[in-house]
$ cat data28.cif   # mmCIF, C-alpha atoms
data_upload
loop_
_atom_site.group_PDB
_atom_site.id
_atom_site.type_symbol
_atom_site.label_atom_id
_atom_site.label_comp_id
_atom_site.auth_asym_id
_atom_site.auth_seq_id
_atom_site.Cartn_x
_atom_site.Cartn_y
_atom_site.Cartn_z
ATOM 1 C CA MET A 1 -4.484 -18.585 -150.847
ATOM 2 C CA GLN A 2 -5.570 -22.201 -150.452
ATOM 3 C CA LYS A 3 -2.262 -22.981 -148.705
ATOM 4 C CA MET A 4 -2.805 -20.118 -146.243
ATOM 5 C CA GLU A 5 -6.329 -21.333 -145.467
ATOM 6 C CA SER A 6 -5.007 -24.849 -144.919
ATOM 7 C CA GLU A 7 -2.299 -23.588 -142.544
ATOM 8 C CA THR A 8 -4.858 -21.485 -140.667
ATOM 9 C CA ALA A 9 -7.128 -24.503 -140.286
ATOM 10 C CA SER A 10 -4.210 -26.596 -139.011
ATOM 11 C CA ILE A 11 -3.301 -23.962 -136.436
ATOM 12 C CA ARG A 12 -6.929 -23.757 -135.319
ATOM 13 C CA GLU A 13 -7.134 -27.552 -134.918
ATOM 14 C CA LEU A 14 -3.876 -27.572 -132.954
ATOM 15 C CA LYS A 15 -5.207 -24.925 -130.569
ATOM 16 C CA GLN A 16 -8.442 -26.880 -130.137
ATOM 17 C CA ASP A 17 -6.492 -30.060 -129.380
ATOM 18 C CA ARG A 18 -4.389 -28.211 -126.813
ATOM 19 C CA SER A 19 -7.502 -26.727 -125.254
ATOM 20 C CA ILE A 20 -9.144 -30.159 -124.965
ATOM 21 C CA ASP A 21 -5.932 -31.589 -123.492
ATOM 22 C CA THR A 22 -5.674 -28.764 -120.943
ATOM 23 C CA ARG A 23 -9.277 -29.240 -119.858
ATOM 24 C CA ALA A 24 -8.765 -32.996 -119.470
ATOM 25 C CA ARG A 25 -5.608 -32.425 -117.398
ATOM 26 C CA LEU A 26 -7.474 -30.026 -115.123
ATOM 27 C CA VAL A 27 -10.287 -32.494 -114.582
ATOM 28 C CA GLN A 28 -7.835 -35.300 -113.802
ATOM 29 C CA ALA A 29 -5.900 -32.994 -111.482
ATOM 30 C CA ALA A 30 -9.113 -32.128 -109.626
ATOM 31 C CA ILE A 31 -9.795 -35.841 -109.112
ATOM 32 C CA GLN A 32 -6.226 -36.327 -107.886
ATOM 33 C CA VAL A 33 -6.381 -33.440 -105.397
ATOM 34 C CA LEU A 34 -9.729 -34.593 -104.027
ATOM 35 C CA SER A 35 -8.485 -38.173 -103.703
ATOM 36 C CA GLU A 36 -5.308 -37.173 -101.882
ATOM 37 C CA LEU A 37 -6.437 -34.188 -99.795
ATOM 38 C CA GLY A 38 -10.223 -34.377 -99.644
ATOM 39 C CA TYR A 39 -12.508 -31.414 -100.120
ATOM 40 C CA ALA A 40 -10.952 -29.699 -97.089
ATOM 41 C CA GLY A 41 -7.634 -29.529 -98.964
ATOM 42 C CA PHE A 42 -9.149 -28.748 -102.350
ATOM 43 C CA SER A 43 -8.455 -25.430 -104.053
ATOM 44 C CA THR A 44 -8.370 -24.275 -107.645
ATOM 45 C CA MET A 45 -4.771 -23.152 -107.125
ATOM 46 C CA ARG A 46 -3.750 -26.680 -106.105
ATOM 47 C CA VAL A 47 -5.594 -28.096 -109.102
ATOM 48 C CA ALA A 48 -3.852 -25.684 -111.491
ATOM 49 C CA GLN A 49 -0.470 -26.587 -109.992
ATOM 50 C CA ALA A 50 -1.177 -30.327 -110.229
ATOM 51 C CA ALA A 51 -2.208 -29.897 -113.876
ATOM 52 C CA GLY A 52 0.845 -27.767 -114.633
ATOM 53 C CA VAL A 53 -1.169 -24.805 -115.898
ATOM 54 C CA SER A 54 -1.787 -21.245 -114.769
ATOM 55 C CA ARG A 55 -4.701 -20.172 -112.596
ATOM 56 C CA GLY A 56 -5.875 -18.126 -115.588
ATOM 57 C CA ALA A 57 -5.969 -21.231 -117.773
ATOM 58 C CA LEU A 58 -8.130 -22.970 -115.195
ATOM 59 C CA GLN A 59 -10.518 -20.014 -115.037
ATOM 60 C CA TYR A 60 -10.716 -19.982 -118.842
ATOM 61 C CA HIS A 61 -11.981 -23.582 -118.874
ATOM 62 C CA PHE A 62 -13.983 -23.525 -115.641
ATOM 63 C CA GLU A 63 -15.742 -20.368 -114.554
ATOM 64 C CA SER A 64 -16.314 -21.652 -111.019
ATOM 65 C CA ARG A 65 -15.208 -24.275 -108.529
ATOM 66 C CA GLU A 66 -18.596 -25.928 -108.970
ATOM 67 C CA SER A 67 -18.204 -26.299 -112.739
ATOM 68 C CA LEU A 68 -14.824 -27.986 -112.202
ATOM 69 C CA LEU A 69 -16.225 -30.353 -109.575
ATOM 70 C CA SER A 70 -19.167 -31.199 -111.813
ATOM 71 C CA ALA A 71 -16.811 -31.989 -114.699
ATOM 72 C CA ALA A 72 -14.684 -34.189 -112.428
ATOM 73 C CA ARG A 73 -17.693 -36.188 -111.247
ATOM 74 C CA LEU A 74 -18.946 -36.530 -114.818
ATOM 75 C CA ARG A 75 -15.548 -37.838 -115.938
ATOM 76 C CA LEU A 76 -15.637 -40.531 -113.249
ATOM 77 C CA ALA A 77 -19.167 -41.484 -114.285
ATOM 78 C CA GLU A 78 -18.164 -41.737 -117.944
ATOM 79 C CA ALA A 79 -15.215 -43.956 -117.069
ATOM 80 C CA MET A 80 -17.588 -46.613 -115.745
ATOM 81 C CA SER A 81 -19.202 -47.230 -119.115
ATOM 82 C CA GLU A 82 -16.789 -46.093 -121.816
ATOM 83 C CA LYS A 83 -15.305 -49.589 -122.288
ATOM 84 C CA LEU A 84 -18.643 -51.368 -122.459
ATOM 85 C CA ALA A 85 -19.918 -51.887 -126.003
ATOM 86 C CA ILE A 86 -23.390 -53.399 -125.917
ATOM 87 C CA SER A 87 -22.839 -55.307 -129.167
ATOM 88 C CA VAL A 88 -19.741 -56.985 -127.715
ATOM 89 C CA LEU A 89 -21.403 -57.768 -124.397
ATOM 90 C CA ASN A 90 -24.433 -59.294 -126.115
ATOM 91 C CA SER A 91 -22.158 -61.805 -127.839
ATOM 92 C CA MET A 92 -20.883 -63.129 -124.485
ATOM 93 C CA PRO A 93 -22.355 -65.896 -122.342
ATOM 94 C CA LEU A 94 -24.191 -64.564 -119.283
ATOM 95 C CA PRO A 95 -21.380 -65.176 -116.712
ATOM 96 C CA GLU A 96 -18.845 -63.409 -118.943
ATOM 97 C CA ARG A 97 -21.192 -60.472 -119.434
ATOM 98 C CA VAL A 98 -21.599 -60.096 -115.700
ATOM 99 C CA ASP A 99 -17.830 -60.369 -115.142
ATOM 100 C CA ALA A 100 -17.123 -57.715 -117.766
ATOM 101 C CA ILE A 101 -19.617 -55.261 -116.277
ATOM 102 C CA VAL A 102 -18.583 -55.805 -112.656
ATOM 103 C CA ASP A 103 -14.886 -55.557 -113.589
ATOM 104 C CA ASN A 104 -15.438 -52.322 -115.479
ATOM 105 C CA TYR A 105 -17.451 -50.701 -112.694
ATOM 106 C CA TRP A 106 -15.049 -51.905 -110.004
ATOM 107 C CA GLU A 107 -12.116 -50.447 -111.926
ATOM 108 C CA VAL A 108 -13.580 -47.014 -111.096
ATOM 109 C CA ILE A 109 -15.519 -47.616 -107.872
ATOM 110 C CA GLY A 110 -12.639 -49.591 -106.380
ATOM 111 C CA SER A 111 -10.086 -46.899 -107.242
ATOM 112 C CA THR A 112 -8.982 -43.741 -105.447
ATOM 113 C CA GLY A 113 -11.160 -41.853 -107.915
ATOM 114 C CA TYR A 114 -14.168 -43.062 -105.931
ATOM 115 C CA ILE A 115 -12.884 -41.059 -102.975
ATOM 116 C CA ALA A 116 -13.063 -37.959 -105.168
ATOM 117 C CA ALA A 117 -16.619 -38.859 -106.206
ATOM 118 C CA LEU A 118 -17.629 -39.227 -102.553
ATOM 119 C CA GLU A 119 -16.056 -35.899 -101.638
ATOM 120 C CA ILE A 120 -17.957 -34.169 -104.443
ATOM 121 C CA ARG A 121 -21.217 -35.892 -103.526
ATOM 122 C CA LEU A 122 -20.931 -34.869 -99.872
ATOM 123 C CA TYR A 123 -20.172 -31.255 -100.839
ATOM 124 C CA GLU A 124 -23.077 -31.261 -103.297
ATOM 125 C CA ARG A 125 -25.549 -31.933 -100.489
ATOM 126 C CA PHE A 126 -24.972 -28.447 -99.110
ATOM 127 C CA ASN A 127 -24.218 -26.550 -102.312
ATOM 128 C CA ARG A 128 -27.290 -25.670 -104.339
ATOM 129 C CA SER A 129 -25.436 -24.427 -107.414
ATOM 130 C CA LEU A 130 -23.386 -27.626 -107.677
ATOM 131 C CA HIS A 131 -26.512 -29.743 -107.180
ATOM 132 C CA GLU A 132 -28.309 -27.862 -109.942
ATOM 133 C CA LEU A 133 -25.313 -28.283 -112.254
ATOM 134 C CA MET A 134 -25.244 -32.042 -111.780
ATOM 135 C CA ALA A 135 -28.825 -33.100 -111.089
ATOM 136 C CA GLY A 136 -30.204 -33.202 -114.628
ATOM 137 C CA THR A 137 -27.034 -34.667 -116.108
ATOM 138 C CA PHE A 138 -26.825 -37.550 -113.664
ATOM 139 C CA GLU A 139 -30.523 -38.322 -113.885
ATOM 140 C CA GLN A 140 -30.055 -38.710 -117.633
ATOM 141 C CA ILE A 141 -26.942 -40.856 -117.149
ATOM 142 C CA SER A 142 -28.866 -43.130 -114.790
ATOM 143 C CA ARG A 143 -31.758 -43.494 -117.253
ATOM 144 C CA THR A 144 -29.370 -44.221 -120.126
ATOM 145 C CA ARG A 145 -27.565 -46.875 -118.098
ATOM 146 C CA ASP A 146 -30.848 -48.494 -117.116
ATOM 147 C CA GLN A 147 -31.775 -48.709 -120.799
ATOM 148 C CA SER A 148 -28.373 -50.154 -121.700
ATOM 149 C CA TRP A 149 -28.627 -52.709 -118.890
ATOM 150 C CA ILE A 150 -32.017 -53.831 -120.189
ATOM 151 C CA ARG A 151 -30.573 -54.271 -123.688
ATOM 152 C CA ILE A 152 -27.515 -56.133 -122.408
ATOM 153 C CA PHE A 153 -29.700 -58.594 -120.500
ATOM 154 C CA SER A 154 -32.601 -58.728 -122.924
ATOM 155 C CA ASP A 155 -32.378 -62.542 -122.788
ATOM 156 C CA SER A 156 -33.177 -62.573 -119.059
ATOM 157 C CA PRO A 157 -36.690 -63.724 -118.105
ATOM 158 C CA LEU A 158 -36.901 -61.002 -115.440
ATOM 159 C CA PRO A 159 -39.380 -58.135 -115.917
ATOM 160 C CA THR A 160 -37.921 -54.701 -116.626
ATOM 161 C CA GLU A 161 -38.543 -53.413 -113.093
ATOM 162 C CA ASP A 162 -36.617 -56.314 -111.567
ATOM 163 C CA LEU A 163 -33.758 -55.873 -114.028
ATOM 164 C CA ILE A 164 -33.361 -52.233 -113.003
ATOM 165 C CA LEU A 165 -33.517 -53.166 -109.311
ATOM 166 C CA LEU A 166 -30.783 -55.716 -109.944
ATOM 167 C CA ARG A 167 -28.532 -53.008 -111.410
ATOM 168 C CA ARG A 168 -29.094 -50.923 -108.276
ATOM 169 C CA PHE A 169 -28.262 -54.001 -106.191
ATOM 170 C CA MET A 170 -24.964 -54.378 -108.082
ATOM 171 C CA LEU A 171 -24.055 -50.732 -107.501
ATOM 172 C CA ASP A 172 -24.923 -50.987 -103.802
ATOM 173 C CA GLY A 173 -22.671 -54.028 -103.484
ATOM 174 C CA LEU A 174 -19.746 -52.389 -105.277
ATOM 175 C CA ARG A 175 -20.045 -49.181 -103.280
ATOM 176 C CA GLY A 176 -20.157 -51.131 -100.042
ATOM 177 C CA ALA A 177 -17.031 -53.050 -101.033
ATOM 178 C CA ALA A 178 -15.320 -49.758 -101.906
ATOM 179 C CA LEU A 179 -16.080 -48.338 -98.463
ATOM 180 C CA ARG A 180 -14.721 -51.478 -96.816
ATOM 181 C CA GLN A 181 -11.599 -51.107 -98.905
ATOM 182 C CA LEU A 182 -11.196 -47.493 -97.755
ATOM 183 C CA GLU A 183 -11.469 -48.710 -94.161
ATOM 184 C CA GLY A 184 -8.585 -51.123 -94.764
ATOM 185 C CA ASP A 185 -10.576 -54.355 -94.822
ATOM 186 C CA ASP A 186 -8.854 -57.587 -95.857
ATOM 187 C CA PRO A 187 -8.503 -57.629 -99.689
ATOM 188 C CA LYS A 188 -9.363 -61.339 -99.757
ATOM 189 C CA SER A 189 -12.615 -60.630 -97.940
ATOM 190 C CA ILE A 190 -13.480 -57.896 -100.424
ATOM 191 C CA GLU A 191 -12.670 -60.167 -103.356
ATOM 192 C CA GLY A 192 -14.894 -62.816 -101.784
ATOM 193 C CA SER A 193 -17.754 -60.319 -101.610
ATOM 194 C CA LEU A 194 -17.259 -59.376 -105.269
ATOM 195 C CA LYS A 195 -17.272 -63.053 -106.236
ATOM 196 C CA LEU A 196 -20.528 -63.568 -104.352
ATOM 197 C CA LEU A 197 -21.987 -60.483 -106.043
ATOM 198 C CA ARG A 198 -21.130 -61.896 -109.476
ATOM 199 C CA GLN A 199 -22.650 -65.269 -108.640
ATOM 200 C CA THR A 200 -25.823 -63.656 -107.320
ATOM 201 C CA LEU A 201 -26.204 -61.526 -110.442
ATOM 202 C CA VAL A 202 -25.810 -64.543 -112.727
ATOM 203 C CA THR A 203 -28.316 -66.557 -110.712
ATOM 204 C CA LYS A 204 -30.920 -63.781 -110.620
ATOM 205 C CA LEU A 205 -30.454 -62.841 -114.277
ATOM 206 C CA SER A 206 -30.946 -66.486 -115.186
ATOM 207 C CA GLY A 207 -34.318 -66.333 -113.487
ATOM 208 C CA ASN A 208 -33.351 -68.770 -110.725
#

$ encode --input "data28.cif" --output "structure tokens"
Amino acid sequence: MQKMESETASIRELKQDRSIDTRARLVQAAIQVLSELGYAGFSTMRVAQAAGVSRGALQYHFESRESLLSAARLRLAEAMSEKLAISVLNSMPLPERVDAIVDNYWEVIGSTGYIAALEIRLYERFNRSLHELMAGTFEQISRTRDQSWIRIFSDSPLPTEDLILLRRFMLDGLRGAALRQLEGDDPKSIEGSLKLLRQTLVTKLSGN
């Protein structure tokens, strides 16, 4: 009896793992389709084909196009912070902290995945159901990141309001560089802008 229960539990765990894997593949496929074809070329059928699953499997995991797009945008947002452990960052000198954060954010914002994020954001402007799906989640993500930023740079003499503004400044700079990259700007010029952004962050965070 105990053996049968153990085998049943193992089968259940295997199915759960497969389900999680299928969902992750669908989300990644959605990002890929958006990056390559834009929203105009986006369809759930194309996503299912790119993920190597049936249309029914997609509908099982995502009841609507909007829920899939929301999950794709959330995945891109998570990727920007999943490698950043506050305890590790706090042990670094200020310039290394800034480099680590900028590098991690640029890894996502400077990638083709950012194209997918832009496509979703533009579509969201005119789709109420998608906006409602994402609004609360992304407001919470932004608040959480502000709090983490304050903890990471707790040794800065800047007041909290200025610290948060500085994080917005960093994001504005990275997004601008990403748009220039999409327009085919000189990579050396973009790298120069990122270097200047790092230097500015270090200077401001130092209170200079």

$ residues_around --input "data28.cif" --residues "Glu96 (chain A)" --least-positions-apart "4" --cutoff "12 Å" --atoms "only C-alpha atoms" --output "VMD selection string"
chain A and resid 88 to 92 100 to 103 152 to 153 198 to 199 201 to 202

$ residues_around --input "data28.cif" --residues "region 127-134 of chain A" --least-positions-apart "3" --cutoff "7 Å" --atoms "all atoms listed in the file" --output "PyMOL selection string"
chain A and resi 66+70+123-124+137-138

$ closest_residue --input "data28.cif" --among "A:Arg25, A:Arg175, A:Arg168, A:Lys83" --to "Ala57 (chain A)" --atoms "all atoms listed in the file"
A:Arg25

$ atom_distance --input "data28.cif" --atom1 "CA of Leu194 (chain A)" --atom2 "CA of Ser87 (chain A)"
24.9 Å

$ residues_around --input "data28.cif" --residues "Gly41 (chain A)" --least-positions-apart "5" --cutoff "12 Å" --atoms "all atoms listed in the file" --output "PyMOL selection string"
chain A and resi 30+32-36+46-47+116+119

$ atom_distance --input "data28.cif" --atom1 "CA of Lys195 (chain A)" --atom2 "CA of Glu107 (chain A)"
14.8 Å

$ residues_near_point --input "data28.cif" --point "(-20.1, -48.2, -102.6)" --cutoff "12 Å" --atoms "all atoms listed in the file" --output "NGL selection string"
:A and (105-106 or 108-111 or 114-115 or 117-118 or 168-182 or 190 or 194)

$ atom_distance --input "data28.cif" --atom1 "CA of Ile31 (chain A)" --atom2 "CA of Leu197 (chain A)"
27.7 Å

$ closest_residue --input "data28.cif" --among "A:Val27, A:Val98, A:Met45, A:Leu37" --to "Arg75 (chain A)" --atoms "only C-alpha atoms"
A:Val27

$ residues_around --input "data28.cif" --residues "region 160-163 of chain A" --least-positions-apart "3" --cutoff "7 Å" --atoms "only C-alpha atoms" --output "ChimeraX atom specification"
/A:150,166-167

$ write_last_selection --input "data28.cif" --atoms "C-alpha atoms" --output "tab-separated table (two decimals), in the coordinates of the input"
chain	number	residue	atom	x	y	z
A	150	ILE	CA	-32.02	-53.83	-120.19
A	166	LEU	CA	-30.78	-55.72	-109.94
A	167	ARG	CA	-28.53	-53.01	-111.41

$ closest_residue --input "data28.cif" --among "A:Thr203, A:Ala48, A:Pro157, A:Ala77" --to "Glu139 (chain A)" --atoms "only C-alpha atoms"
A:Ala77
